[in-house]
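Colleague: Supplied in structure tokens, the structure appears directly below.
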Amino acid sequence: MSEVSFDLIVIGAGPGGYVAAIRASQLGMKVAVVEQRKTMGGVCLNEGCIPSKALLDSSEHFALARDKFVSHGIDINPPTMSVPRMVARKDDVVKKLTDGIAYLFKKNKVQVVSGAGCLTAPQGDGLHRVEVTAAAGTTLLVAKKVLLATGGNPSKCRACPLMVKQSSAPRKLSVSVKCPSIWLSLAPGISAWSWDLSGGGLAPG
Ligand SMILES: Cc1cc2nc3c(=O)[nH]c(=O)nc-3n(C[C@H](O)[C@H](O)[C@H](O)COP(=O)(O)OP(=O)(O)OC[C@H]3O[C@@H](n4cnc5c(N)ncnc54)[C@H](O)[C@@H]3O)c2cc1C
């Protein structure tokens, strides 16, 4: 298998990886980013910070229209909402930002290599090798330096045994902590509960 050489290989195109890759390239390094998702930006842009804030924004607008507009002399009686359009707007925000990272990579001459990266055993020549496996086949990258920016994986949480069976438990937990404020704004009749990570257990959200 032929090797493709770089000064730096970054594994993971989340906030940790993409900033480092772009900066390293701006400083003159030849940089590759290995990413196994189809889109750039990691958890934050694809399913974490950005989508949750986009939905929060929509729910806050709805709550303002329902609860506050009347006192300002604005009547929309009653305000209605379309969850599919809310979700479509969220998807659009996510797409613009993930496409934006791909654009920044291109602009800064960072090469994106799609697939799952795996460090191979050292060969004693002071170089690092990363094998990238994708549907199309396997590529071998070689570099003087490798940056692991692969994010985190959930670990078992003894405090919440109901969730330990699912490998995605902490991610679901984060969503459940944020979701109540989104859904409470939309429908005040909903009872929401969230898990207090400091050890307080379940509490009304
Ligand atoms: C619901 C939710 C809301 C959040 N809200 C906020 C917020 O408001 N503010 C905030 O600061 N943080 C927030 N976070 C946390 C934030 O998303 C993370 O801190 C951030 O994404 C971590 O960035 P990272 O680059 O370290 O890892 P990640 O974003 O996880 O990126 C790692 C990337 O590496 C890729 N990868 C992993 N292994 C490989 C491999 N072997 N080969 C190729 N690619 C690989 C993954 O596909 C991924 O794209 C939120 C998280 C969640 C779940």
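How things are named: the first chain in the structure tokens is A, the next is B, and so on; residues count from 1 in each chain; ligands count from 1 in the order shown.
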Name each residue within 8 Å of ligand 1, counting only C-alpha atoms and all ligand atoms, as a CSV table (one decimal) with C-alpha atoms, in the first residue's frame.

Modeller:
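So the final result, stored in pocket04.csv, reads:
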```csv
chain,number,residue,atom,x,y,z
A,11,ILE,CA,-7.8,12.5,13.5
A,12,GLY,CA,-11.2,14.0,14.1
A,13,ALA,CA,-12.8,17.1,12.6
A,14,GLY,CA,-14.7,18.3,15.7
A,15,PRO,CA,-14.0,21.7,17.4
A,16,GLY,CA,-10.7,20.2,18.8
A,17,GLY,CA,-9.5,19.0,15.5
A,18,TYR,CA,-10.6,21.5,12.9
A,34,VAL,CA,-9.2,12.1,9.0
A,35,GLU,CA,-12.9,12.1,9.7
A,36,GLN,CA,-15.3,9.2,9.8
A,37,ARG,CA,-18.5,11.2,9.6
A,39,THR,CA,-19.9,16.0,7.7
A,40,MET,CA,-17.3,18.1,9.5
A,41,GLY,CA,-17.7,19.7,12.9
A,42,GLY,CA,-17.9,16.7,15.2
A,43,VAL,CA,-20.6,16.4,18.0
A,44,CYS,CA,-20.8,20.1,18.6
A,45,LEU,CA,-21.9,21.1,15.1
A,47,GLU,CA,-25.8,16.9,17.2
A,48,GLY,CA,-24.7,18.9,20.2
A,49,CYS,CA,-24.2,22.6,20.8
A,50,ILE,CA,-25.5,24.0,17.5
A,51,PRO,CA,-28.7,21.9,17.0
A,52,SER,CA,-29.7,22.3,20.6
A,53,LYS,CA,-29.2,26.0,20.6
A,114,SER,CA,-12.7,10.3,4.8
A,115,GLY,CA,-12.8,7.2,6.9
A,116,ALA,CA,-11.9,5.7,10.3
A,117,GLY,CA,-8.3,6.4,11.3
A,118,CYS,CA,-6.2,4.0,13.3
A,132,VAL,CA,-7.7,5.1,7.1
A,149,ALA,CA,-8.9,14.9,18.4
A,150,THR,CA,-11.4,12.0,18.5
A,151,GLY,CA,-13.7,13.4,21.2
A,152,GLY,CA,-15.0,11.3,24.0
A,170,PRO,CA,-24.0,10.4,28.5
A,171,ARG,CA,-25.0,11.9,25.2
A,172,LYS,CA,-28.7,11.1,25.8
A,174,SER,CA,-27.0,15.8,27.9
A,175,VAL,CA,-29.9,16.1,25.6
A,178,LYS,CA,-31.3,20.6,27.6
```

Colleague: Which polymer residues have any atom within 12 Å of an atom of stretch 71-81 of chain A, counting only C-alpha atoms, with same-chain residues fewer than 3 positions away left out, as a PDB file with N, CA and C atoms, in the first residue's frame?

Modeller:
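Saved as out_39.pdb:
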```pdb
ATOM      1  N   SER A  58     -35.683  28.760  18.664  1.00  0.00           N
ATOM      2  CA  SER A  58     -37.059  28.705  18.137  1.00  0.00           C
ATOM      3  C   SER A  58     -38.076  28.651  19.267  1.00  0.00           C
ATOM      4  N   SER A  59     -37.787  27.821  20.276  1.00  0.00           N
ATOM      5  CA  SER A  59     -38.766  27.664  21.360  1.00  0.00           C
ATOM      6  C   SER A  59     -38.905  28.960  22.149  1.00  0.00           C
ATOM      7  N   GLU A  60     -37.794  29.708  22.256  1.00  0.00           N
ATOM      8  CA  GLU A  60     -37.881  30.982  22.984  1.00  0.00           C
ATOM      9  C   GLU A  60     -38.709  32.014  22.211  1.00  0.00           C
ATOM     10  N   HIS A  61     -38.559  32.014  20.881  1.00  0.00           N
ATOM     11  CA  HIS A  61     -39.387  32.927  20.069  1.00  0.00           C
ATOM     12  C   HIS A  61     -40.872  32.601  20.261  1.00  0.00           C
ATOM     13  N   PHE A  62     -41.185  31.296  20.261  1.00  0.00           N
ATOM     14  CA  PHE A  62     -42.582  30.883  20.405  1.00  0.00           C
ATOM     15  C   PHE A  62     -43.121  31.335  21.773  1.00  0.00           C
ATOM     16  N   ALA A  63     -42.312  31.123  22.819  1.00  0.00           N
ATOM     17  CA  ALA A  63     -42.760  31.485  24.166  1.00  0.00           C
ATOM     18  C   ALA A  63     -42.964  33.003  24.281  1.00  0.00           C
ATOM     19  N   LEU A  64     -42.094  33.772  23.621  1.00  0.00           N
ATOM     20  CA  LEU A  64     -42.264  35.234  23.633  1.00  0.00           C
ATOM     21  C   LEU A  64     -43.585  35.618  22.984  1.00  0.00           C
ATOM     22  N   ALA A  65     -43.849  35.015  21.808  1.00  0.00           N
ATOM     23  CA  ALA A  65     -45.089  35.340  21.085  1.00  0.00           C
ATOM     24  C   ALA A  65     -46.307  34.970  21.918  1.00  0.00           C
ATOM     25  N   ARG A  66     -46.228  33.849  22.613  1.00  0.00           N
ATOM     26  CA  ARG A  66     -47.380  33.364  23.383  1.00  0.00           C
ATOM     27  C   ARG A  66     -47.562  34.155  24.691  1.00  0.00           C
ATOM     28  N   ASP A  67     -46.438  34.445  25.377  1.00  0.00           N
ATOM     29  CA  ASP A  67     -46.547  34.963  26.742  1.00  0.00           C
ATOM     30  C   ASP A  67     -46.298  36.468  26.884  1.00  0.00           C
ATOM     31  N   LYS A  68     -45.550  37.049  25.971  1.00  0.00           N
ATOM     32  CA  LYS A  68     -45.109  38.439  26.189  1.00  0.00           C
ATOM     33  C   LYS A  68     -45.665  39.458  25.204  1.00  0.00           C
ATOM     34  N   PRO A  84     -42.080  20.453  12.303  1.00  0.00           N
ATOM     35  CA  PRO A  84     -41.244  20.107  11.141  1.00  0.00           C
ATOM     36  C   PRO A  84     -40.465  21.301  10.591  1.00  0.00           C
ATOM     37  N   ARG A  85     -41.086  22.510  10.561  1.00  0.00           N
ATOM     38  CA  ARG A  85     -40.359  23.686  10.045  1.00  0.00           C
ATOM     39  C   ARG A  85     -39.265  24.114  11.017  1.00  0.00           C
ATOM     40  N   MET A  86     -39.542  23.948  12.321  1.00  0.00           N
ATOM     41  CA  MET A  86     -38.543  24.271  13.347  1.00  0.00           C
ATOM     42  C   MET A  86     -37.316  23.375  13.157  1.00  0.00           C
ATOM     43  N   VAL A  87     -37.598  22.079  12.927  1.00  0.00           N
ATOM     44  CA  VAL A  87     -36.511  21.105  12.756  1.00  0.00           C
ATOM     45  C   VAL A  87     -35.778  21.359  11.436  1.00  0.00           C
ATOM     46  N   SER A 185     -40.963  25.533  26.923  1.00  0.00           N
ATOM     47  CA  SER A 185     -41.335  26.802  26.291  1.00  0.00           C
ATOM     48  C   SER A 185     -42.479  26.597  25.317  1.00  0.00           C
ATOM     49  N   LEU A 186     -42.478  25.439  24.651  1.00  0.00           N
ATOM     50  CA  LEU A 186     -43.490  25.201  23.627  1.00  0.00           C
ATOM     51  C   LEU A 186     -44.832  24.812  24.228  1.00  0.00           C
ATOM     52  N   ALA A 187     -44.795  24.026  25.297  1.00  0.00           N
ATOM     53  CA  ALA A 187     -46.041  23.511  25.867  1.00  0.00           C
ATOM     54  C   ALA A 187     -45.919  23.477  27.378  1.00  0.00           C
TER      55      ALA A 187
END
```

Colleague: Rounded to one decimal in Å, what is the spacing between atom CA of A:Val10 and atom CA of A:Asp92?

Modeller: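 These two atoms are separated by 27.0 Å.
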
Colleague: DSSP on the backbone: what in stretch 32-142 of chain A comes out alpha helix (DSSP H), as JSON, numbers by chain?

Modeller: {"A": [42, 43, 44, 45, 46, 49, 50, 51, 52, 53, 54, 55, 56, 57, 58, 59, 60, 61, 62, 63, 64, 65, 66, 67, 83, 84, 85, 86, 87, 88, 89, 90, 91, 92, 93, 94, 95, 96, 97, 98, 99, 100, 101, 102, 103, 104, 105, 106, 107]}

Colleague: If I take atom CA of A:Leu55 and atom CA of A:Lys96, how far is one from the other in Å, to one decimal?

Modeller: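 Spanning atom CA of A:Leu55 to atom CA of A:Lys96 is a straight-line distance of 15.4 Å.
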
Colleague: To one decimal in Å, tell me the separation between atom CA of A:His128 and atom CA of A:Ala102.

Modeller: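 Spanning atom CA of A:His128 to atom CA of A:Ala102 is a straight-line distance of 24.9 Å.
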